[in-house]
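Visitor: I have a structure I would like to understand better, so I am pasting it below and will then ask my questions one at a time.
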Amino acid sequence: MGEERRCAPPHVHLNPPGAQTAVAIRDVSYDYVTNGRVTRALARVSLEIERGTTVAFVGPSGCGKSTLLKLIAGLVRPTEGAIAVDGLTVAGPLKNVGMAFQNPVLLPWRTVLDNLLLPLEILRENQDPRAPARALWGERASALLGTVGLAGAEHRQPRELSGGMRQRVSLCRALIHEPALLLLDEPFASLDAFTREEMWELHQQLRLQREFTGVLVTHDLREAVFLAQTIYVMSASPGRIAHVHRVSLRAPRTLEQLYSAEATALIRDMREQIRPSRRAVA
Amino acid sequence: MSPHLRRLVLPLVVFGGLVLVWEMAVPALRIQQIVLPAPSGVVRTMVQTAGPIAFHARHTLVTTLIGFAAAVGLGLLLGFLIGASATANDALYPLLVGFNSIPKAAVVPMLVMWFGIGAVPAVLTAFLLAFFPVAVNVALGLATLEAELRDVLRVLGASRWQVFRKVGVPRTMPLFFASLKVAVSSAFVGSVISETVASNAGIGYLMAVAASDFNTRLAFGGLFVLAAMGVALYGVFAAIERRITAWAYAE
Ligand SMILES: Nc1ncnc2c1ncn2[C@@H]1O[C@H](COP(=O)(O)OP(=O)(O)OP(=O)(O)O)[C@@H](O)[C@H]1O
Ligand SMILES: [Mg+2]
């Protein structure tokens, strides 16, 4: 199924995105329909994500953060509005995206290495020009495993790994094909505090090296402040963008900076913004 | 004793004990041999009729395995279809469940009407009993695919066919192999039922003939053979399952 999935239908008039805009979301609403009952998950969300930056979405549970990620990835289509990635309207699953979730779903019958190579196998089968030469696969996988502290784990089985190690493998799988867009849905939520902070630093390091655009969904406000250049605070369902914060901590960021006056004030502000809408849900 | 050996030895000890009780109860309670023969008598008859028993056992085995093989083929196909397509699931699953609730023994006379007495009804009954567990398990394996995994692959440009091949099929294999041991037992039941009613060969036939001759020892001999074959068939496929899906058990 190699058909073109992204094309701009004539009736959608998007403003020509600046060269710096990786993702443009215009007036997007989304309704889930189950047994004829309509649940509005997102209402009129508009924003732009600048290439090479990471944005974070925070907000109460059920406010539509995961739905927004699926919309960006093209896994579901907006009920209203449109999304453009690299200036093209998203009309089906994108092809150059890496995704990682809270649950690091690895294939138990494949070794760590073979799990990592799965994206490359797909690219090669589809004769995607981005697929590197077969001879380079092992090297690339090993290098990536090295950066997440799993050097030498290539031939281990997923079941032999701890939860944090699996999570790191899942992150590597999202990065192995060097995607332009990385979508992360609470990827560090099940990790212990120390591993989580290591993963933040790793994420920052990879982003500075590779210049991908990152979209992070998280419940951890410190995580959002550490990783994102822009944080969107969403209101309870239907999800809307309630507040936007620019994070101006200088790069490369350090964990120390999270204790700065600026960071603590920001975290406090966001907490106050999320709390009332939590109450509204309950 | 290692736990593994224990699991092997304990049932054998109990089994041996039961046979011993049986052996002693028959003369002690003065039960007539024609009602309930002692196990030793049954074994003696089995040794005397070893040739015919082997012939009929082979026949039952072959009909069972042919029916079973056909059931695995169709079961896989149906399971993949139902698991991969929501439309096929909605259309076929209720029919499948409805079909499975028909007592298959009731179908045998129909099969005899169409195909006459012989091996064909036995193969078909075996097939009818065996394909359901295969189809359901395969469909289940595909239907419970983690959404996250599918999403990860879809955003790489993977087609539904690729997701099916790379993830769906291997993920379903443990369930598929688990269903084989159930299916082979069902096929065995099916072919023996059909043989007792309408055949001129097979252990089922042998037992039916022995019963009508009041040859109780031979009838029991047939039962022993069936028990041994049933356990062996189940055992073989259970072993294959363990061998192939080691990862699913190691969790
Ligand atoms: N498949 C679905 N069918 C129907 N409603 C759904 C479905 N998935 C999500 N929803 C609803 O849409 C809303 C947004 O869900 P979503 O998963 O996007 O929230 P979230 O912000 O990611 O929440 P969390 O922080 O708990 O992960 C919720 O009200 C949820 O009940
Ligand atoms: Mg979510």
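Residue numbers start at 1 in each chain; chains themselves are named A, B, ... in the order of the structure tokens; ligands are numbered from 1 in the order shown.
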Determine which residues of chain B sit within 12 Å of chain A, taking into account only C-alpha atoms, and present them as a tab-separated table (two decimals) with all heavy atoms, in the first residue's frame.
Guide:
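Contents of iface-v2.tsv, as written:
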```tsv
chain	number	residue	atom	x	y	z
B	145	LEU	N	-4.51	-7.38	19.57
B	145	LEU	CA	-3.27	-6.68	19.27
B	145	LEU	C	-3.24	-5.32	19.98
B	145	LEU	O	-4.22	-4.59	19.92
B	145	LEU	CB	-3.19	-6.47	17.76
B	145	LEU	CG	-1.90	-5.87	17.23
B	145	LEU	CD1	-0.79	-6.89	17.33
B	145	LEU	CD2	-2.09	-5.47	15.78
B	146	GLU	N	-2.13	-5.01	20.66
B	146	GLU	CA	-2.05	-3.72	21.36
B	146	GLU	C	-2.16	-2.56	20.36
B	146	GLU	O	-1.45	-2.52	19.37
B	146	GLU	CB	-0.74	-3.58	22.11
B	146	GLU	CG	-0.59	-4.47	23.32
B	146	GLU	CD	0.11	-5.76	22.99
B	146	GLU	OE1	0.19	-6.10	21.78
B	146	GLU	OE2	0.58	-6.42	23.92
B	147	ALA	N	-3.04	-1.61	20.68
B	147	ALA	CA	-3.24	-0.46	19.80
B	147	ALA	C	-1.94	0.32	19.64
B	147	ALA	O	-1.63	0.81	18.55
B	147	ALA	CB	-4.34	0.43	20.35
B	148	GLU	N	-1.15	0.40	20.71
B	148	GLU	CA	0.09	1.18	20.65
B	148	GLU	C	1.03	0.60	19.60
B	148	GLU	O	1.67	1.34	18.85
B	148	GLU	CB	0.81	1.17	22.00
B	148	GLU	CG	0.15	2.02	23.06
B	148	GLU	CD	-0.55	1.17	24.07
B	148	GLU	OE1	-1.01	0.05	23.71
B	148	GLU	OE2	-0.65	1.60	25.24
B	149	LEU	N	1.12	-0.71	19.58
B	149	LEU	CA	2.03	-1.36	18.66
B	149	LEU	C	1.61	-1.09	17.22
B	149	LEU	O	2.43	-0.80	16.35
B	149	LEU	CB	2.00	-2.86	18.95
B	149	LEU	CG	3.22	-3.65	18.55
B	149	LEU	CD1	4.47	-2.97	19.01
B	149	LEU	CD2	3.13	-5.03	19.15
B	150	ARG	N	0.31	-1.19	16.99
B	150	ARG	CA	-0.20	-0.93	15.65
B	150	ARG	C	0.12	0.52	15.25
B	150	ARG	O	0.58	0.77	14.15
B	150	ARG	CB	-1.72	-1.16	15.64
B	150	ARG	CG	-2.30	-1.31	14.26
B	150	ARG	CD	-3.81	-1.18	14.33
B	150	ARG	NE	-4.17	0.03	15.04
B	150	ARG	CZ	-5.15	0.11	15.93
B	150	ARG	NH1	-5.87	-0.94	16.22
B	150	ARG	NH2	-5.42	1.25	16.53
B	151	ASP	N	-0.09	1.44	16.20
B	151	ASP	CA	0.15	2.85	15.89
B	151	ASP	C	1.62	3.11	15.58
B	151	ASP	O	1.95	3.84	14.64
B	151	ASP	CB	-0.29	3.73	17.07
B	151	ASP	CG	-1.80	3.76	17.21
B	151	ASP	OD1	-2.48	3.26	16.29
B	151	ASP	OD2	-2.30	4.26	18.23
B	152	VAL	N	2.52	2.51	16.37
B	152	VAL	CA	3.95	2.70	16.15
B	152	VAL	C	4.32	2.32	14.71
B	152	VAL	O	5.10	3.02	14.05
B	152	VAL	CB	4.77	1.86	17.15
B	152	VAL	CG1	6.22	1.74	16.71
B	152	VAL	CG2	4.71	2.46	18.54
B	153	LEU	N	3.74	1.23	14.23
B	153	LEU	CA	4.09	0.76	12.89
B	153	LEU	C	3.37	1.55	11.80
B	153	LEU	O	3.93	1.82	10.74
B	153	LEU	CB	3.75	-0.73	12.75
B	153	LEU	CG	4.52	-1.64	13.70
B	153	LEU	CD1	4.22	-3.08	13.39
B	153	LEU	CD2	6.01	-1.39	13.60
B	154	ARG	N	2.14	1.92	12.08
B	154	ARG	CA	1.38	2.66	11.07
B	154	ARG	C	2.05	3.98	10.73
B	154	ARG	O	2.03	4.40	9.58
B	154	ARG	CB	-0.06	2.91	11.58
B	154	ARG	CG	-0.88	1.65	11.72
B	154	ARG	CD	-1.38	1.13	10.41
B	154	ARG	NE	-2.59	1.82	9.96
B	154	ARG	CZ	-2.96	1.90	8.70
B	154	ARG	NH1	-2.21	1.36	7.77
B	154	ARG	NH2	-4.05	2.51	8.38
B	155	VAL	N	2.62	4.66	11.73
B	155	VAL	CA	3.24	5.95	11.46
B	155	VAL	C	4.62	5.82	10.83
B	155	VAL	O	5.33	6.80	10.65
B	155	VAL	CB	3.31	6.85	12.71
B	155	VAL	CG1	1.92	7.21	13.18
B	155	VAL	CG2	4.10	6.18	13.81
B	156	LEU	N	5.02	4.59	10.53
B	156	LEU	CA	6.23	4.38	9.73
B	156	LEU	C	5.83	4.14	8.29
B	156	LEU	O	6.68	3.86	7.44
B	156	LEU	CB	6.95	3.12	10.20
B	156	LEU	CG	7.65	3.19	11.51
B	156	LEU	CD1	7.98	1.80	11.99
B	156	LEU	CD2	8.90	4.00	11.34
B	157	GLY	N	4.54	4.18	8.03
B	157	GLY	CA	4.08	3.87	6.68
B	157	GLY	C	3.76	2.41	6.49
B	157	GLY	O	3.56	1.96	5.36
B	158	ALA	N	3.71	1.63	7.59
B	158	ALA	CA	3.39	0.21	7.44
B	158	ALA	C	1.94	0.04	7.01
B	158	ALA	O	1.05	0.72	7.51
B	158	ALA	CB	3.62	-0.52	8.76
B	159	SER	N	1.71	-0.86	6.07
B	159	SER	CA	0.35	-1.14	5.64
B	159	SER	C	-0.30	-2.08	6.65
B	159	SER	O	0.38	-2.66	7.49
B	159	SER	CB	0.37	-1.80	4.27
B	159	SER	OG	1.05	-3.03	4.36
B	160	ARG	N	-1.61	-2.22	6.55
B	160	ARG	CA	-2.29	-3.16	7.43
B	160	ARG	C	-1.75	-4.57	7.23
B	160	ARG	O	-1.63	-5.33	8.18
B	160	ARG	CB	-3.79	-3.15	7.12
B	160	ARG	CG	-4.47	-1.92	7.63
B	160	ARG	CD	-5.94	-1.96	7.32
B	160	ARG	NE	-6.51	-3.25	7.73
B	160	ARG	CZ	-7.81	-3.46	7.88
B	160	ARG	NH1	-8.65	-2.50	7.65
B	160	ARG	NH2	-8.26	-4.64	8.23
B	161	TRP	N	-1.40	-4.90	6.01
B	161	TRP	CA	-0.86	-6.22	5.69
B	161	TRP	C	0.47	-6.42	6.39
B	161	TRP	O	0.76	-7.49	6.94
B	161	TRP	CB	-0.75	-6.34	4.17
B	161	TRP	CG	0.00	-7.53	3.68
B	161	TRP	CD1	1.12	-7.50	2.88
B	161	TRP	CD2	-0.28	-8.92	3.90
B	161	TRP	NE1	1.54	-8.78	2.62
B	161	TRP	CE2	0.70	-9.67	3.24
B	161	TRP	CE3	-1.27	-9.59	4.64
B	161	TRP	CZ2	0.73	-11.06	3.25
B	161	TRP	CZ3	-1.23	-10.97	4.66
B	161	TRP	CH2	-0.26	-11.69	3.96
B	162	GLN	N	1.30	-5.37	6.42
B	162	GLN	CA	2.59	-5.49	7.09
B	162	GLN	C	2.42	-5.65	8.60
B	162	GLN	O	3.12	-6.44	9.23
B	162	GLN	CB	3.47	-4.27	6.79
B	162	GLN	CG	4.13	-4.35	5.42
B	162	GLN	CD	4.87	-3.09	5.07
B	162	GLN	OE1	4.38	-1.99	5.29
B	162	GLN	NE2	6.06	-3.24	4.52
B	163	VAL	N	1.50	-4.88	9.17
B	163	VAL	CA	1.25	-5.01	10.61
B	163	VAL	C	0.79	-6.44	10.91
B	163	VAL	O	1.23	-7.07	11.87
B	163	VAL	CB	0.19	-3.99	11.08
B	163	VAL	CG1	-0.15	-4.20	12.54
B	163	VAL	CG2	0.69	-2.57	10.86
B	165	ARG	N	1.44	-9.17	9.21
B	165	ARG	CA	2.51	-10.15	9.02
B	165	ARG	C	3.56	-10.07	10.12
B	165	ARG	O	4.00	-11.07	10.66
B	165	ARG	CB	3.16	-9.90	7.68
B	165	ARG	CG	3.07	-11.06	6.72
B	165	ARG	CD	3.72	-10.72	5.40
B	165	ARG	NE	4.97	-10.07	5.53
B	165	ARG	CZ	5.29	-8.89	4.98
B	165	ARG	NH1	4.41	-8.27	4.25
B	165	ARG	NH2	6.45	-8.35	5.16
B	166	LYS	N	3.97	-8.83	10.42
B	166	LYS	CA	5.10	-8.66	11.34
B	166	LYS	C	4.71	-8.84	12.79
B	166	LYS	O	5.53	-9.24	13.61
B	166	LYS	CB	5.69	-7.25	11.17
B	166	LYS	CG	6.28	-6.97	9.82
B	166	LYS	CD	7.76	-7.24	9.84
B	166	LYS	CE	8.35	-7.03	8.47
B	166	LYS	NZ	9.61	-7.74	8.33
B	167	VAL	N	3.48	-8.48	13.11
B	167	VAL	CA	3.07	-8.51	14.51
B	167	VAL	C	1.90	-9.46	14.74
B	167	VAL	O	1.96	-10.31	15.62
B	167	VAL	CB	2.68	-7.09	14.99
B	167	VAL	CG1	2.36	-7.13	16.46
B	167	VAL	CG2	3.80	-6.12	14.72
B	168	GLY	N	0.87	-9.34	13.92
B	168	GLY	CA	-0.34	-10.13	14.14
B	168	GLY	C	-0.07	-11.61	14.11
B	168	GLY	O	-0.41	-12.34	15.05
B	169	VAL	N	0.57	-12.08	13.06
B	169	VAL	CA	0.77	-13.52	12.90
B	169	VAL	C	1.66	-14.10	14.00
B	169	VAL	O	1.26	-15.04	14.69
B	169	VAL	CB	1.31	-13.85	11.50
B	169	VAL	CG1	1.67	-15.31	11.40
B	169	VAL	CG2	0.29	-13.47	10.44
B	170	PRO	N	2.86	-13.55	14.22
B	170	PRO	CA	3.68	-14.14	15.28
B	170	PRO	C	3.03	-14.07	16.65
B	170	PRO	O	3.15	-14.99	17.46
B	170	PRO	CB	4.97	-13.31	15.27
B	170	PRO	CG	4.82	-12.28	14.22
B	170	PRO	CD	3.57	-12.49	13.48
B	171	ARG	N	2.29	-12.99	16.89
B	171	ARG	CA	1.65	-12.82	18.17
B	171	ARG	C	0.56	-13.86	18.39
B	171	ARG	O	0.26	-14.25	19.52
B	171	ARG	CB	1.02	-11.43	18.18
B	171	ARG	CG	0.73	-10.92	19.54
B	171	ARG	CD	0.21	-9.53	19.42
B	171	ARG	NE	-0.30	-9.12	20.69
B	171	ARG	CZ	-1.40	-9.62	21.21
B	171	ARG	NH1	-2.10	-10.50	20.54
B	171	ARG	NH2	-1.80	-9.23	22.39
B	172	THR	N	-0.03	-14.32	17.30
B	172	THR	CA	-1.12	-15.28	17.38
B	172	THR	C	-0.62	-16.71	17.55
B	172	THR	O	-1.37	-17.59	17.97
B	172	THR	CB	-1.97	-15.16	16.10
B	172	THR	OG1	-2.41	-13.83	16.00
B	172	THR	CG2	-3.16	-16.05	16.11
B	173	MET	N	0.64	-16.94	17.22
B	173	MET	CA	1.15	-18.30	17.21
B	173	MET	C	0.98	-19.05	18.54
B	173	MET	O	0.57	-20.21	18.52
B	173	MET	CB	2.62	-18.32	16.76
B	173	MET	CG	2.77	-18.12	15.26
B	173	MET	SD	1.84	-19.36	14.30
B	173	MET	CE	0.55	-18.37	13.57
B	174	PRO	N	1.26	-18.44	19.69
B	174	PRO	CA	1.06	-19.21	20.93
B	174	PRO	C	-0.39	-19.68	21.07
B	174	PRO	O	-0.64	-20.82	21.45
B	174	PRO	CB	1.41	-18.21	22.03
B	174	PRO	CG	2.14	-17.11	21.40
B	174	PRO	CD	1.82	-17.11	19.93
B	244	ILE	N	7.60	-24.52	20.66
B	244	ILE	CA	7.54	-23.39	19.72
B	244	ILE	C	7.29	-22.06	20.41
B	244	ILE	O	7.77	-21.03	19.99
B	244	ILE	CB	6.46	-23.66	18.65
B	244	ILE	CG1	6.97	-24.80	17.76
B	244	ILE	CG2	6.19	-22.42	17.81
B	244	ILE	CD1	6.18	-25.04	16.54
B	245	THR	N	6.55	-22.08	21.49
B	245	THR	CA	6.17	-20.80	22.08
B	245	THR	C	6.81	-20.61	23.44
B	245	THR	O	6.19	-20.11	24.36
B	245	THR	CB	4.64	-20.68	22.21
B	245	THR	OG1	4.20	-21.77	23.02
B	245	THR	CG2	3.98	-20.76	20.86
B	246	ALA	N	8.07	-20.97	23.53
B	246	ALA	CA	8.77	-20.87	24.81
B	246	ALA	C	8.66	-19.46	25.39
B	246	ALA	O	8.50	-19.28	26.59
B	246	ALA	CB	10.22	-21.27	24.64
B	247	TRP	N	8.71	-18.43	24.53
B	247	TRP	CA	8.71	-17.06	25.05
B	247	TRP	C	7.43	-16.72	25.79
B	247	TRP	O	7.42	-15.94	26.72
B	247	TRP	CB	8.97	-16.05	23.94
B	247	TRP	CG	7.98	-16.06	22.83
B	247	TRP	CD1	8.09	-16.72	21.65
B	247	TRP	CD2	6.72	-15.38	22.78
B	247	TRP	NE1	6.99	-16.50	20.88
B	247	TRP	CE2	6.13	-15.68	21.54
B	247	TRP	CE3	6.02	-14.55	23.67
B	247	TRP	CZ2	4.89	-15.19	21.17
B	247	TRP	CZ3	4.79	-14.07	23.28
B	247	TRP	CH2	4.24	-14.39	22.05
B	248	ALA	N	6.31	-17.33	25.36
B	248	ALA	CA	5.04	-16.99	25.97
B	248	ALA	C	4.96	-17.54	27.39
B	248	ALA	O	4.23	-17.02	28.22
B	248	ALA	CB	3.88	-17.52	25.14
B	249	TYR	N	5.71	-18.59	27.66
B	249	TYR	CA	5.66	-19.21	28.99
B	249	TYR	C	6.68	-18.61	29.95
B	249	TYR	O	6.51	-18.66	31.14
B	249	TYR	CB	5.90	-20.71	28.90
B	249	TYR	CG	4.75	-21.43	28.29
B	249	TYR	CD1	4.66	-21.61	26.92
B	249	TYR	CD2	3.72	-21.89	29.10
B	249	TYR	CE1	3.58	-22.24	26.37
B	249	TYR	CE2	2.63	-22.53	28.55
B	249	TYR	CZ	2.57	-22.71	27.18
B	249	TYR	OH	1.49	-23.32	26.64
B	250	ALA	N	7.74	-18.06	29.36
B	250	ALA	CA	8.84	-17.61	30.21
B	250	ALA	C	8.46	-16.35	30.97
B	250	ALA	O	9.15	-15.95	31.88
B	250	ALA	CB	10.08	-17.35	29.34
B	251	GLU	N	7.38	-15.71	30.60
B	251	GLU	CA	6.95	-14.42	31.20
B	251	GLU	C	6.87	-14.50	32.71
B	251	GLU	O	6.31	-15.42	33.25
B	251	GLU	CB	5.58	-14.09	30.62
B	251	GLU	CG	5.28	-12.63	30.34
B	251	GLU	CD	6.44	-11.77	29.88
B	251	GLU	OE1	6.96	-11.95	28.77
B	251	GLU	OE2	6.81	-10.90	30.67
```
Visitor: Which residues sit within 8 Å of ligand 1, counting only C-alpha atoms and all ligand atoms, listed as a ChimeraX atom specification?
Guide: /A:31-34,39-42,59-68,185-186,217-219,237-239
Visitor: Which distance in Å separates atom CA of A:Pro276 and atom CA of A:Leu221, to one decimal?
Guide: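 Computing the Euclidean distance for atom CA of A:Pro276 and atom CA of A:Leu221 yields 15.9 Å.
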Visitor: For B:Pro94, which residue among B:Val136, B:Leu12, B:Val120, B:Arg30 is the nearest when counting only C-alpha atoms?
Guide: B:Val136
Visitor: Taking only stretch 20-120 of chain A into account, list the residues labelled strand (DSSP E or B) by DSSP (computed from the backbone), as an MDAnalysis selection string.
Guide: chainID A and resid 21:34 37:50 54:58 80:85 88:89 97:101
